[in-house]
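For reference, run_34.cif is printed below; it contains mmCIF, C-alpha atoms.
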data_run
loop_
_atom_site.group_PDB
_atom_site.id
_atom_site.type_symbol
_atom_site.label_atom_id
_atom_site.label_comp_id
_atom_site.auth_asym_id
_atom_site.auth_seq_id
_atom_site.Cartn_x
_atom_site.Cartn_y
_atom_site.Cartn_z
ATOM 1 C CA MET A 1 -13.587 14.250 5.335
ATOM 2 C CA LYS A 2 -14.760 17.768 6.178
ATOM 3 C CA ASP A 3 -14.704 17.013 9.922
ATOM 4 C CA LEU A 4 -11.187 15.605 9.543
ATOM 5 C CA GLU A 5 -9.972 18.734 7.770
ATOM 6 C CA ASN A 6 -11.495 20.926 10.477
ATOM 7 C CA ASN A 7 -9.293 19.139 13.029
ATOM 8 C CA GLU A 8 -6.095 19.894 11.104
ATOM 9 C CA TYR A 9 -3.903 22.809 12.151
ATOM 10 C CA THR A 10 -1.120 24.775 10.526
ATOM 11 C CA VAL A 11 1.278 25.931 13.257
ATOM 12 C CA VAL A 12 3.744 28.819 13.118
ATOM 13 C CA VAL A 13 7.097 27.521 14.363
ATOM 14 C CA ASN A 14 10.045 29.915 14.463
ATOM 15 C CA GLY A 15 8.170 32.318 12.212
ATOM 16 C CA LYS A 16 7.309 29.721 9.553
ATOM 17 C CA PRO A 17 4.050 27.777 9.012
ATOM 18 C CA GLU A 18 4.314 23.999 9.450
ATOM 19 C CA GLY A 19 1.789 21.215 9.105
ATOM 20 C CA PRO A 20 -0.983 20.360 8.832
ATOM 21 C CA TYR A 21 -1.123 18.504 12.148
ATOM 22 C CA ASP A 22 -4.077 16.664 13.654
ATOM 23 C CA LEU A 23 -5.140 17.213 17.260
ATOM 24 C CA ASP A 24 -3.187 14.181 18.515
ATOM 25 C CA SER A 25 0.012 15.584 16.981
ATOM 26 C CA ILE A 26 -0.756 19.032 18.410
ATOM 27 C CA ARG A 27 -1.028 17.443 21.871
ATOM 28 C CA LYS A 28 2.645 16.388 21.676
ATOM 29 C CA MET A 29 3.923 19.784 20.538
ATOM 30 C CA ASN A 30 5.124 22.702 22.651
ATOM 31 C CA ILE A 31 2.009 24.812 22.143
ATOM 32 C CA LEU A 32 1.822 28.001 24.198
ATOM 33 C CA PRO A 33 -1.151 30.371 24.624
ATOM 34 C CA GLY A 34 0.469 32.789 22.162
ATOM 35 C CA THR A 35 1.362 30.186 19.519
ATOM 36 C CA PHE A 36 -0.226 31.046 16.168
ATOM 37 C CA LEU A 37 -2.343 28.389 14.430
ATOM 38 C CA ARG A 38 -4.794 28.244 11.563
ATOM 39 C CA LYS A 39 -7.461 25.755 10.519
ATOM 40 C CA PRO A 40 -8.854 25.272 6.981
ATOM 41 C CA GLY A 41 -11.276 28.035 6.038
ATOM 42 C CA MET A 42 -9.751 30.648 8.356
ATOM 43 C CA ASP A 43 -8.605 33.917 6.772
ATOM 44 C CA ASP A 44 -5.698 34.422 9.173
ATOM 45 C CA TYR A 45 -3.882 32.841 12.097
ATOM 46 C CA LYS A 46 -5.160 33.000 15.672
ATOM 47 C CA GLU A 47 -3.405 32.492 18.973
ATOM 48 C CA ALA A 48 -3.820 29.096 20.618
ATOM 49 C CA HIS A 49 -5.841 30.469 23.543
ATOM 50 C CA GLU A 50 -8.522 31.598 21.059
ATOM 51 C CA PHE A 51 -9.390 27.974 20.124
ATOM 52 C CA PRO A 52 -11.879 26.409 22.606
ATOM 53 C CA GLU A 53 -10.591 22.871 21.938
ATOM 54 C CA LEU A 54 -6.980 23.922 22.591
ATOM 55 C CA ARG A 55 -7.954 25.696 25.801
ATOM 56 C CA ALA A 56 -9.560 22.453 26.937
ATOM 57 C CA LEU A 57 -6.578 20.392 25.778
ATOM 58 C CA PHE A 58 -3.822 22.466 27.357
ATOM 59 C CA GLY A 59 -5.690 24.234 30.146
ATOM 60 C CA PHE A 60 -5.229 27.689 28.651
ATOM 61 C CA SER A 61 -7.462 30.551 29.689
ATOM 62 C CA TYR A 62 -8.840 32.970 27.122
ATOM 63 C CA GLU A 63 -6.860 36.224 27.095
ATOM 64 C CA HIS A 64 -9.018 39.268 26.432
ATOM 65 C CA THR A 65 -6.420 41.223 24.512
ATOM 66 C CA ALA A 66 -6.304 42.220 20.868
ATOM 67 C CA PRO A 67 -3.980 40.046 18.744
ATOM 68 C CA GLN A 68 -0.899 42.084 17.885
ATOM 69 C CA TYR A 69 1.197 41.202 14.860
ATOM 70 C CA PHE A 70 4.276 43.363 15.034
ATOM 71 C CA ALA A 71 5.484 45.254 11.973
ATOM 72 C CA SER A 72 8.990 44.288 10.886
ATOM 73 C CA PHE A 73 11.937 46.678 10.611
ATOM 74 C CA ASP A 74 11.879 46.628 6.798
ATOM 75 C CA GLN A 75 8.178 47.532 6.732
ATOM 76 C CA ARG A 76 8.762 50.446 9.071
ATOM 77 C CA LEU A 77 11.812 51.582 7.098
ATOM 78 C CA LEU A 78 9.920 51.506 3.798
ATOM 79 C CA ALA A 79 7.038 53.461 5.358
ATOM 80 C CA SER A 80 9.508 56.108 6.545
ATOM 81 C CA VAL A 81 11.099 56.331 3.094
ATOM 82 C CA ILE A 82 7.659 56.880 1.541
ATOM 83 C CA ASP A 83 6.853 59.597 4.081
ATOM 84 C CA TYR A 84 10.115 61.438 3.496
ATOM 85 C CA PHE A 85 9.621 61.206 -0.268
ATOM 86 C CA ILE A 86 6.195 62.819 0.103
ATOM 87 C CA LEU A 87 7.653 65.532 2.351
ATOM 88 C CA LEU A 88 10.413 66.132 -0.184
ATOM 89 C CA LEU A 89 7.803 66.699 -2.889
ATOM 90 C CA VAL A 90 6.032 69.190 -0.615
ATOM 91 C CA TYR A 91 9.363 70.923 0.067
ATOM 92 C CA ILE A 92 10.116 71.189 -3.670
ATOM 93 C CA PHE A 93 6.649 72.609 -4.314
ATOM 94 C CA LEU A 94 7.086 75.239 -1.585
ATOM 95 C CA LEU A 95 10.550 76.073 -2.879
ATOM 96 C CA LEU A 96 9.285 76.565 -6.429
ATOM 97 C CA PHE A 97 6.477 78.713 -5.099
ATOM 98 C CA ALA A 98 9.013 80.833 -3.198
ATOM 99 C CA PHE A 99 11.089 81.243 -6.369
ATOM 100 C CA VAL A 100 8.175 83.165 -7.899
ATOM 101 C CA PHE A 101 8.936 85.963 -5.438
ATOM 102 C CA ILE A 102 12.734 85.546 -5.302
ATOM 103 C CA GLU A 103 14.990 86.665 -8.106
ATOM 104 C CA GLY A 104 18.667 85.894 -8.498
ATOM 105 C CA LYS A 105 20.493 82.583 -8.375
ATOM 106 C CA GLU A 106 22.295 83.186 -5.082
ATOM 107 C CA GLU A 107 19.128 84.333 -3.313
ATOM 108 C CA ARG A 108 17.297 81.216 -4.481
ATOM 109 C CA ILE A 109 20.109 78.935 -3.269
ATOM 110 C CA THR A 110 20.082 80.713 0.087
ATOM 111 C CA ALA A 111 16.297 80.322 0.340
ATOM 112 C CA GLY A 112 16.580 76.619 -0.434
ATOM 113 C CA ILE A 113 19.166 76.108 2.307
ATOM 114 C CA LEU A 114 17.218 78.146 4.862
ATOM 115 C CA MET A 115 14.059 76.142 4.188
ATOM 116 C CA LEU A 116 15.742 72.747 4.735
ATOM 117 C CA PRO A 117 15.248 72.825 8.550
ATOM 118 C CA LEU A 118 11.513 72.926 7.883
ATOM 119 C CA LEU A 119 11.565 69.278 6.733
ATOM 120 C CA PRO A 120 12.036 67.702 10.203
ATOM 121 C CA VAL A 121 9.559 70.214 11.635
ATOM 122 C CA PHE A 122 6.938 69.212 9.076
ATOM 123 C CA LYS A 123 7.750 65.524 9.696
ATOM 124 C CA PHE A 124 7.218 65.972 13.442
ATOM 125 C CA ILE A 125 3.911 67.813 13.063
ATOM 126 C CA TYR A 126 2.648 65.385 10.442
ATOM 127 C CA GLY A 127 3.754 62.340 12.455
ATOM 128 C CA VAL A 128 1.954 63.503 15.592
ATOM 129 C CA ALA A 129 -1.241 64.411 13.742
ATOM 130 C CA ALA A 130 -1.344 61.184 11.712
ATOM 131 C CA GLU A 131 -0.551 58.748 14.530
ATOM 132 C CA CYS A 132 -3.294 59.973 16.868
ATOM 133 C CA ALA A 133 -5.862 60.247 14.059
ATOM 134 C CA ALA A 134 -8.329 57.549 13.027
ATOM 135 C CA GLY A 135 -5.863 56.050 10.519
ATOM 136 C CA GLN A 136 -3.238 55.598 13.296
ATOM 137 C CA GLY A 137 -0.328 56.244 10.972
ATOM 138 C CA THR A 138 1.228 58.311 8.228
ATOM 139 C CA ILE A 139 0.572 57.732 4.530
ATOM 140 C CA GLY A 140 3.617 55.449 4.354
ATOM 141 C CA LYS A 141 2.339 53.269 7.206
ATOM 142 C CA ARG A 142 -1.190 53.156 5.833
ATOM 143 C CA LEU A 143 0.036 52.077 2.393
ATOM 144 C CA LEU A 144 1.799 49.134 4.080
ATOM 145 C CA ASN A 145 -1.177 48.358 6.346
ATOM 146 C CA ILE A 146 0.706 49.031 9.560
ATOM 147 C CA LYS A 147 -0.298 51.391 12.353
ATOM 148 C CA VAL A 148 0.768 52.834 15.700
ATOM 149 C CA THR A 149 -1.093 51.618 18.802
ATOM 150 C CA ASP A 150 -0.738 51.474 22.560
ATOM 151 C CA LEU A 151 0.329 48.228 24.217
ATOM 152 C CA LYS A 152 -3.202 46.799 23.891
ATOM 153 C CA GLY A 153 -3.667 47.632 20.222
ATOM 154 C CA ARG A 154 -5.740 50.778 20.790
ATOM 155 C CA LYS A 155 -5.437 54.207 19.160
ATOM 156 C CA ILE A 156 -2.930 56.447 20.933
ATOM 157 C CA SER A 157 -3.668 59.883 22.342
ATOM 158 C CA PHE A 158 -2.297 63.215 21.118
ATOM 159 C CA ALA A 159 0.017 63.418 24.146
ATOM 160 C CA THR A 160 1.406 59.923 23.484
ATOM 161 C CA ALA A 161 1.978 60.801 19.815
ATOM 162 C CA VAL A 162 3.933 63.910 20.883
ATOM 163 C CA ILE A 163 6.081 61.894 23.303
ATOM 164 C CA ARG A 164 6.698 59.191 20.680
ATOM 165 C CA ASN A 165 7.836 61.638 18.015
ATOM 166 C CA ILE A 166 10.043 63.641 20.382
ATOM 167 C CA ALA A 167 11.591 60.388 21.629
ATOM 168 C CA LYS A 168 12.676 59.539 18.075
ATOM 169 C CA LEU A 169 15.767 61.571 18.909
ATOM 170 C CA LEU A 170 16.678 58.706 21.269
ATOM 171 C CA SER A 171 16.387 56.219 18.421
ATOM 172 C CA VAL A 172 18.492 58.324 16.044
ATOM 173 C CA LEU A 173 21.385 58.838 18.461
ATOM 174 C CA PRO A 174 23.817 57.247 18.586
ATOM 175 C CA LEU A 175 24.117 55.846 15.049
ATOM 176 C CA PHE A 176 20.433 54.888 14.776
ATOM 177 C CA PHE A 177 20.953 52.158 17.385
ATOM 178 C CA GLY A 178 17.529 52.888 18.856
ATOM 179 C CA TYR A 179 15.948 51.779 15.582
ATOM 180 C CA LEU A 180 18.179 48.719 15.267
ATOM 181 C CA TYR A 181 17.197 47.756 18.817
ATOM 182 C CA SER A 182 13.911 46.491 17.336
ATOM 183 C CA PHE A 183 15.830 43.375 16.225
ATOM 184 C CA LEU A 184 16.520 42.610 19.902
ATOM 185 C CA ASN A 185 13.005 43.317 21.157
ATOM 186 C CA LYS A 186 10.355 40.582 20.931
ATOM 187 C CA LYS A 187 7.684 43.176 20.161
ATOM 188 C CA GLN A 188 9.995 44.828 17.607
ATOM 189 C CA GLN A 189 9.877 48.142 19.477
ATOM 190 C CA CYS A 190 12.385 50.910 18.856
ATOM 191 C CA TRP A 191 13.536 53.093 21.724
ATOM 192 C CA HIS A 192 10.900 55.740 20.999
ATOM 193 C CA ASP A 193 8.205 53.031 21.122
ATOM 194 C CA ILE A 194 9.433 51.936 24.533
ATOM 195 C CA ALA A 195 9.564 55.538 25.778
ATOM 196 C CA ALA A 196 5.958 56.150 24.695
ATOM 197 C CA ASN A 197 4.607 52.633 25.462
ATOM 198 C CA THR A 198 3.566 52.135 21.847
ATOM 199 C CA LEU A 199 3.668 49.388 19.235
ATOM 200 C CA VAL A 200 3.680 49.332 15.447
ATOM 201 C CA ILE A 201 1.473 46.460 14.334
ATOM 202 C CA LYS A 202 0.180 44.955 11.095
ATOM 203 C CA ASP A 203 -3.192 43.454 10.267
ATOM 204 C CA ARG A 204 -1.963 39.980 9.376
ATOM 205 C CA LEU A 205 0.649 37.627 10.814
ATOM 206 C CA ILE A 206 2.071 36.603 7.425
#

Could you take the file, read its structure, and then write that structure out as structure tokens?
Amino acid sequence: MKDLENNEYTVVVNGKPEGPYDLDSIRKMNILPGTFLRKPGMDDYKEAHEFPELRALFGFSYEHTAPQYFASFDQRLLASVIDYFILLLVYIFLLLFAFVFIEGKEERITAGILMLPLLPVFKFIYGVAAECAAGQGTIGKRLLNIKVTDLKGRKISFATAVIRNIAKLLSVLPLFFGYLYSFLNKKQQCWHDIAANTLVIKDRLI
């Protein structure tokens, strides 16, 4: 029974797990090297080319690249919301600190308005520093277990992080279409990812 279970596969078809299928059923399916499968006892899915028996069955060759599970738009959006919330808290703290030295209602309102442009500056500096650091992402990304990598899943350099964050202007204009473009890209890249040759990936497929 154990040997039989070890020859059963759950296959991801159109983004959804199906099965289990035995090896004879797998033989009749449209399995590609990048098709995700899982056998009993495995913690996560692997690509078909990573299974020796499937390489022998379909004639695949082993691809020496890191598996890349691309972060979805909603994950990236939520991470950004978390980051901006944290930056807003920092902004409020700095504003309250400034109020210690500023008297008068009008002067305080003016100070608050003048400090607003600092938010995107802080976001840029923080984004660059966090993405090229060991954690490969901001606090928002790390809380959601997603990270920024190069096209092979490796940590990006400082220069690449600078290019990526500057290129976010391309994704914002016009009308945030560069972010929405991720729905049309098989690697779920936004325009700034394409400009910097980066990916945003997650640890698990599902």

Taking 4 positions as the minimum chain separation for residues in the same chain, which residues sit within 10 Å of Asp43 in chain A when counting all atoms listed in the file? Answer as a compact mmCIF listing (two decimals) with C-alpha atoms, in the frame of the given file.
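The file below, around.txt, is the result:
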# COMPACT_ATOMS: atom_id res chain seq x y z
CA ARG A 38 -4.79 28.24 11.56
CA LYS A 39 -7.46 25.76 10.52
CA ARG A 204 -1.96 39.98 9.38

(message) Selection in question (the file shown): the PyMOL selection byres ((chain A and resi 122) around 12). Which residues does it include, as a ChimeraX atom specification?
(response) /A:83-84,86-88,90-91,115-121,123-130,165

Which residues would end up in the selection if the PyMOL selection byres ((chain A and resi 199) around 6) were applied here, given that I need the answer as a PDB file with C-alpha atoms, in the frame of the given file?
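That gives us part_32.pdb:
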ATOM      1  CA  VAL A 148       0.768  52.834  15.700  1.00  0.00           C
ATOM      2  CA  THR A 149      -1.093  51.618  18.802  1.00  0.00           C
ATOM      3  CA  ASP A 150      -0.738  51.474  22.560  1.00  0.00           C
ATOM      4  CA  THR A 198       3.566  52.135  21.847  1.00  0.00           C
ATOM      5  CA  VAL A 200       3.680  49.332  15.447  1.00  0.00           C
TER       6      VAL A 200
END

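Each of A:Ala48, A:Leu57, A:Ile201, A:Leu37 was compared to Ile146 in chain A using only C-alpha atoms, and A:Ile201 turns out to be the nearest.
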
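Closest approach to Ser157 in chain A among A:Ile26, A:Leu89, A:Ile109, A:Ala133: A:Ala133, based on all atoms listed in the file.
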
(request) Enter the distance from CA of Thr110 in chain A to CA of Leu173 in chain A, in Å, rounded to one decimal. (result) 28.6 Å

Quick one: which residues end up in the PyMOL selection byres ((chain A and resi 45) around 12) for this structure, as a PDB file with C-alpha atoms, in the frame of the given file?
ATOM      1  CA  TYR A   9      -3.903  22.809  12.151  1.00  0.00           C
ATOM      2  CA  THR A  10      -1.120  24.775  10.526  1.00  0.00           C
ATOM      3  CA  VAL A  11       1.278  25.931  13.257  1.00  0.00           C
ATOM      4  CA  VAL A  12       3.744  28.819  13.118  1.00  0.00           C
ATOM      5  CA  LYS A  16       7.309  29.721   9.553  1.00  0.00           C
ATOM      6  CA  PRO A  17       4.050  27.777   9.012  1.00  0.00           C
ATOM      7  CA  GLY A  34       0.469  32.789  22.162  1.00  0.00           C
ATOM      8  CA  THR A  35       1.362  30.186  19.519  1.00  0.00           C
ATOM      9  CA  PHE A  36      -0.226  31.046  16.168  1.00  0.00           C
ATOM     10  CA  LEU A  37      -2.343  28.389  14.430  1.00  0.00           C
ATOM     11  CA  ARG A  38      -4.794  28.244  11.563  1.00  0.00           C
ATOM     12  CA  LYS A  39      -7.461  25.755  10.519  1.00  0.00           C
ATOM     13  CA  PRO A  40      -8.854  25.272   6.981  1.00  0.00           C
ATOM     14  CA  GLY A  41     -11.276  28.035   6.038  1.00  0.00           C
ATOM     15  CA  MET A  42      -9.751  30.648   8.356  1.00  0.00           C
ATOM     16  CA  ASP A  43      -8.605  33.917   6.772  1.00  0.00           C
ATOM     17  CA  ASP A  44      -5.698  34.422   9.173  1.00  0.00           C
ATOM     18  CA  LYS A  46      -5.160  33.000  15.672  1.00  0.00           C
ATOM     19  CA  GLU A  47      -3.405  32.492  18.973  1.00  0.00           C
ATOM     20  CA  ALA A  48      -3.820  29.096  20.618  1.00  0.00           C
ATOM     21  CA  HIS A  49      -5.841  30.469  23.543  1.00  0.00           C
ATOM     22  CA  GLU A  50      -8.522  31.598  21.059  1.00  0.00           C
ATOM     23  CA  PHE A  51      -9.390  27.974  20.124  1.00  0.00           C
ATOM     24  CA  PRO A  67      -3.980  40.046  18.744  1.00  0.00           C
ATOM     25  CA  GLN A  68      -0.899  42.084  17.885  1.00  0.00           C
ATOM     26  CA  TYR A  69       1.197  41.202  14.860  1.00  0.00           C
ATOM     27  CA  ASP A 203      -3.192  43.454  10.267  1.00  0.00           C
ATOM     28  CA  ARG A 204      -1.963  39.980   9.376  1.00  0.00           C
ATOM     29  CA  LEU A 205       0.649  37.627  10.814  1.00  0.00           C
ATOM     30  CA  ILE A 206       2.071  36.603   7.425  1.00  0.00           C
TER      31      ILE A 206
END

(request) Using CA of Leu32 in chain A and CA of Phe60 in chain A as the two end points, give the distance in Å to one decimal. (result) 8.3 Å

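Summary of the local environment: counting only C-alpha atoms, residues at most 10 Å from Ile194 in chain A, other than itself and those fewer than 2 positions away along its chain, are Leu151, Arg164, Ala167, Gly178, Asn185, Lys187, Gln188, Gln189, Cys190, Trp191, His192, Ala196, Asn197, Thr198 and Leu199 of chain A.
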
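For the pair CA of Leu23 in chain A and CA of Arg55 in chain A, the interatomic distance is 12.4 Å.
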
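Neighbours of Lys28 in chain A closer than or equal to 12 Å, with all atoms listed in the file counted and sequence neighbours fewer than 6 positions away skipped, come out as Tyr21, Asp22, Leu57 and Phe58 of chain A.
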
(request) Considering only C-alpha atoms, return as a PyMOL selection string whatever protein or nucleic-acid residues lie within 7 Å of Cys132 in chain A, sequence-local ones (same chain, fewer than 4 positions apart) excluded. (result) chain A and resi 128+136+155-158+161
